[in-house]
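Participant: Structure incoming, see below.
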Amino acid sequence: MMVPQLLVGLLCLGLVRASALPADGGRASSVTTLTLVRGQGYEIQEHTVQTSDGYILTMHRIPYSKNTGYDGVRPVVFLMHGLLCSSSDWVLGGTHSGLAYLLSEAGYDVWMGNARGNTYSKKHATKTPLLQPFWNFEWHDIGIYDLPAMMDYVLYTTGADQLSYVGHSQGTTSFFVLNSMIPRFKSRIRSAHLLAPVAWMEHMESPLAVVGGPLLGQPNAFVELFGSAEFLPNTQLMNLLGGLLCSDQSISQVICTNSLFLLGGWNSPYLNETLIPEIMATTPAGCSVNQIFHYLQEYNSGYFRQFDYGSSRNKKEYGSKTAPDYDVAGINVPTYLYYSDNDYFASLIDVDRLRYVMDPNSLRSAYRLPETKWNHLDFLWGLNVKEILYDRVLNDIRNA
């Protein structure tokens, strides 16, 4: 099937659409960050903040451990999810593997962000997600609007001077955007810990990029037409199918497993199959098609730069015929990278390029996992993720 036919098919199926808000106002799944955390006996708070361009974002906070109760002011950690994901990522693994719980037990005040357009952030001061203008954004906007609004709110609410930042996938891309475009945050981020870091993507191996990149990774009428629409929202139907088709007892679980491999990397022995129903109930959490198109531009062009609208509109938007590059070399935040061999999105070659471009005074560590089959999603839900990765992340945060 040709790519245009594929996207049209997705539109017909309701997977890509400009009006995908379920009847409950956006919370399609009964499995939510709130229910997951409360089910484990932890205190959880929900906070909202409005960005300077009107999007109303939801954040989730675990202020202290259930095992200590309130024990005074704690250092702050902010967690930011990846593409098509949400704050649920950090708690799905349960108390022994979910990074939010591990940080809480280690003495941190844990905040989890949600980018515009996902399950928890489908509101705007003047726009409705039922119409196309709501979806006219991409991950550049998450970097320059969402992260500043959320982190300023967190610092104001807690009274902290700094926070530690942990991002996965798109949560790392938006970190690079933020600190390239808004240098004031270098004094507000104590350290950044980037899991599966995504900046340059020329060597991305995802079959989706190989198929879609040549057409959708460059300005054209098709990109203009379908860019401002919702992509893969979380719905009651997807939640139901996840529970029925992806459970441990289901003979069709292999379909769910292979769909995750397609997204994250092939043949990972670390996939926690018991978690698949919960993963499918909360993920994908939705995004704008433009976010996908911007990543495909990175793959197609070999650059890490702002959205390419074509030479004519670029001149109007940026004052030049080409989109500006992000100044990764100028980022002055203590940064730790964690990456792996079997990652479809953050390839070794592209991460090496990132390492070489970054200021060596800012890049404190670049840790290549010894597990050669560790894939993009294993950074969140891999078996033994605590011992393989998170213990190191917690130690780096503590000693940064």
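Residues are named by chain letter and number: chains run A, B, ... in the order of the structure tokens, numbers start at 1 in each chain, and ligands are numbered from 1 in the order shown.
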Please run DSSP on the backbone and report, as a PyMOL selection string, all residues within region 5-245 of chain A that come out as strand (DSSP E).
Facilitator: chain A and resi 16-17+45-50+55-62+76-80+109-112+123-124+163-168+189-195+230-231
Participant: Give me the residues within 12 Å of Asn399 (chain A) as an MDAnalysis selection string, counting only C-alpha atoms and dropping any in the same chain fewer than 2 places off.
Facilitator: chainID A and resid 164 190:191 334 336 364 392:397
Participant: In terms of the shortest atom-to-atom distance over only C-alpha atoms, which of A:Ile279, A:Val211, A:Leu363, A:Leu195 is closest to Ser87 (chain A)?
Facilitator: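 The closest residue to Ser87 (chain A) is A:Ile279.
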Participant: Which residues are near region 377-389 of chain A? Cut-off 8 Å, only C-alpha atoms, ignore same chain within fewer than 6 positions. Put them as an MDAnalysis selection string.
Facilitator: chainID A and resid 89:90 92:93 96:99 168 195:196 260 264:265 270:272 275 369
Participant: What gap, in Å, lies between CA of Val328 (chain A) and CA of Phe185 (chain A)?
Facilitator: 14.1 Å
Participant: What is the distance between CA of Leu163 (chain A) and CA of Val77 (chain A), in Å to one decimal?
Facilitator: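 Taking CA of Leu163 (chain A) as the start and CA of Val77 (chain A) as the end point, the length is 5.5 Å.
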Participant: Enumerate as a ChimeraX atom specification all residues of region 23-260 of chain A assigned to alpha helix (DSSP H) by DSSP on the backbone, naming them with the chain letters and numbers the document uses.
Facilitator: /A:33-39,99-105,139-141,147-158,170-181,207-216,221-226,236-245,253-260
Participant: Tell me, in Å to one decimal, how far CA of Arg368 (chain A) is from CA of Ser187 (chain A).
Facilitator: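 Distance between the two atoms: 27.4 Å.
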Participant: Considering only C-alpha atoms, can you say which of A:Tyr390, A:Tyr156, A:Trp200, A:Phe231 comes closest to Leu354 (chain A)?
Facilitator: A:Trp200
Participant: Neighbouring residues of Gln291 (chain A) were defined as those with any atom within 8 Å, considering only C-alpha atoms; residues of the same chain fewer than 6 positions away were excluded. Please report them as an NGL selection string.
Facilitator: :A and (137-139)
Participant: I need the chosen residues saved as a tab-separated table (two decimals), in the first residue's frame, with N, CA and C atoms.
Facilitator:
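And here is the file that came out, selection.tsv:
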```tsv
chain	number	residue	atom	x	y	z
A	137	PHE	N	0.25	21.92	15.61
A	137	PHE	CA	1.47	22.04	16.42
A	137	PHE	C	2.34	20.83	16.15
A	138	GLU	N	3.58	20.90	16.62
A	138	GLU	CA	4.49	19.73	16.56
A	138	GLU	C	5.45	19.82	17.73
A	139	TRP	N	6.50	18.96	17.75
A	139	TRP	CA	7.29	18.88	18.99
A	139	TRP	C	8.16	20.11	19.24
```
Participant: Between A:Ser104, A:Ser180, A:Thr322, A:Asn114, single out the one closest to His140 (chain A), counting only C-alpha atoms.
Facilitator: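 Of A:Ser104, A:Ser180, A:Thr322, A:Asn114, the one nearest His140 (chain A), counting only C-alpha atoms, is A:Ser180.
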Participant: Between A:His81, A:Lys66, A:His294, A:Arg116, which is the closest to Gly227 (chain A) once you count only C-alpha atoms?
Facilitator: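 Nearest to Gly227 (chain A): A:His294.
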Participant: Show which residues sit within 9 Å of Glu105 (chain A), as a list in words. Count only C-alpha atoms, and ignore same-chain residues fewer than 2 positions away.
Facilitator: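 That gives Tyr64, Ser65, Lys66, Asn67, Thr68, Ala100, Tyr101, Leu102, Leu103, Gly107 and Tyr108 of chain A.
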Participant: Those same residues - all heavy atoms - I'd like them written as a CSV table (one decimal), in the first residue's frame.
Facilitator:
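Just written: selection11.csv:
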```csv
chain,number,residue,atom,x,y,z
A,64,TYR,N,5.4,12.4,47.8
A,64,TYR,CA,6.2,11.7,48.8
A,64,TYR,C,5.8,10.2,48.7
A,64,TYR,O,4.9,9.8,48.0
A,64,TYR,CB,6.0,12.2,50.2
A,64,TYR,CG,4.5,12.3,50.5
A,64,TYR,CD1,3.7,11.3,51.0
A,64,TYR,CD2,3.9,13.6,50.5
A,64,TYR,CE1,2.4,11.4,51.3
A,64,TYR,CE2,2.5,13.7,50.8
A,64,TYR,CZ,1.8,12.6,51.2
A,64,TYR,OH,0.5,12.8,51.5
A,65,SER,N,6.6,9.4,49.4
A,65,SER,CA,6.5,7.9,49.3
A,65,SER,C,5.3,7.5,50.3
A,65,SER,O,5.2,8.1,51.3
A,65,SER,CB,7.8,7.2,49.7
A,65,SER,OG,7.5,5.8,50.1
A,66,LYS,N,4.6,6.4,49.9
A,66,LYS,CA,3.6,5.9,50.8
A,66,LYS,C,4.3,5.3,52.0
A,66,LYS,O,3.6,5.1,53.1
A,66,LYS,CB,2.8,4.8,50.1
A,66,LYS,CG,3.5,3.6,49.8
A,66,LYS,CD,2.6,2.5,49.2
A,66,LYS,CE,3.3,1.2,48.9
A,66,LYS,NZ,2.4,0.2,48.3
A,67,ASN,N,5.5,5.0,52.0
A,67,ASN,CA,6.2,4.3,53.1
A,67,ASN,C,6.8,5.3,54.1
A,67,ASN,O,7.2,5.0,55.2
A,67,ASN,CB,7.4,3.5,52.6
A,67,ASN,CG,6.9,2.3,51.7
A,67,ASN,OD1,6.0,1.6,52.1
A,67,ASN,ND2,7.4,2.2,50.5
A,68,THR,N,6.8,6.6,53.7
A,68,THR,CA,7.3,7.7,54.6
A,68,THR,C,6.2,8.6,55.0
A,68,THR,O,6.2,9.2,56.1
A,68,THR,CB,8.4,8.4,54.0
A,68,THR,OG1,7.9,9.2,52.9
A,68,THR,CG2,9.6,7.5,53.6
A,100,ALA,N,8.9,6.5,38.3
A,100,ALA,CA,8.3,7.5,39.3
A,100,ALA,C,8.3,6.9,40.7
A,100,ALA,O,8.6,7.7,41.7
A,100,ALA,CB,6.9,7.8,38.8
A,101,TYR,N,8.0,5.7,40.9
A,101,TYR,CA,8.0,5.1,42.2
A,101,TYR,C,9.4,5.0,42.8
A,101,TYR,O,9.6,5.3,44.0
A,101,TYR,CB,7.4,3.7,42.2
A,101,TYR,CG,5.9,3.6,41.7
A,101,TYR,CD1,5.5,2.9,40.6
A,101,TYR,CD2,4.9,4.3,42.4
A,101,TYR,CE1,4.2,2.8,40.2
A,101,TYR,CE2,3.6,4.3,42.0
A,101,TYR,CZ,3.2,3.5,40.9
A,101,TYR,OH,1.9,3.5,40.5
A,102,LEU,N,10.3,4.6,41.9
A,102,LEU,CA,11.7,4.4,42.4
A,102,LEU,C,12.3,5.8,42.9
A,102,LEU,O,13.0,5.9,43.9
A,102,LEU,CB,12.6,3.8,41.3
A,102,LEU,CG,12.2,2.4,40.8
A,102,LEU,CD1,13.1,2.0,39.6
A,102,LEU,CD2,12.3,1.4,41.9
A,103,LEU,N,11.9,6.8,42.1
A,103,LEU,CA,12.4,8.2,42.5
A,103,LEU,C,11.7,8.6,43.8
A,103,LEU,O,12.3,9.2,44.7
A,103,LEU,CB,12.1,9.2,41.4
A,103,LEU,CG,13.0,9.1,40.2
A,103,LEU,CD1,12.4,9.8,39.0
A,103,LEU,CD2,14.4,9.7,40.5
A,107,GLY,N,13.5,9.5,47.7
A,107,GLY,CA,13.4,10.8,48.4
A,107,GLY,C,13.1,12.0,47.5
A,107,GLY,O,13.3,13.1,48.0
A,108,TYR,N,12.5,11.8,46.3
A,108,TYR,CA,12.3,12.9,45.4
A,108,TYR,C,10.8,13.3,45.4
A,108,TYR,O,9.9,12.4,45.5
A,108,TYR,CB,12.8,12.6,44.0
A,108,TYR,CG,14.3,12.5,44.0
A,108,TYR,CD1,14.9,11.3,44.1
A,108,TYR,CD2,15.1,13.7,43.8
A,108,TYR,CE1,16.3,11.2,44.0
A,108,TYR,CE2,16.4,13.6,43.8
A,108,TYR,CZ,17.1,12.4,43.9
A,108,TYR,OH,18.4,12.3,43.9
```
Participant: Which residues are near Pro148 (chain A)? Cut-off 9 Å, only C-alpha atoms, ignore same chain within fewer than 3 positions. Put them as an MDAnalysis selection string.
Facilitator: chainID A and resid 51 142:145 151:153 178 182 185
Participant: Quick one: of A:Pro269, A:Pro214, A:Pro63, A:Gly54, who's nearest to Asn375 (chain A), counting only C-alpha atoms?
Facilitator: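 Between A:Pro269, A:Pro214, A:Pro63, A:Gly54, the residue approaching Asn375 (chain A) most closely is A:Pro269.
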Participant: Here is a test: counting only C-alpha atoms, which residue of A:Ile349, A:Met280, A:Leu296, A:Ile331 is nearest to Ser362 (chain A)?
Facilitator: A:Ile331
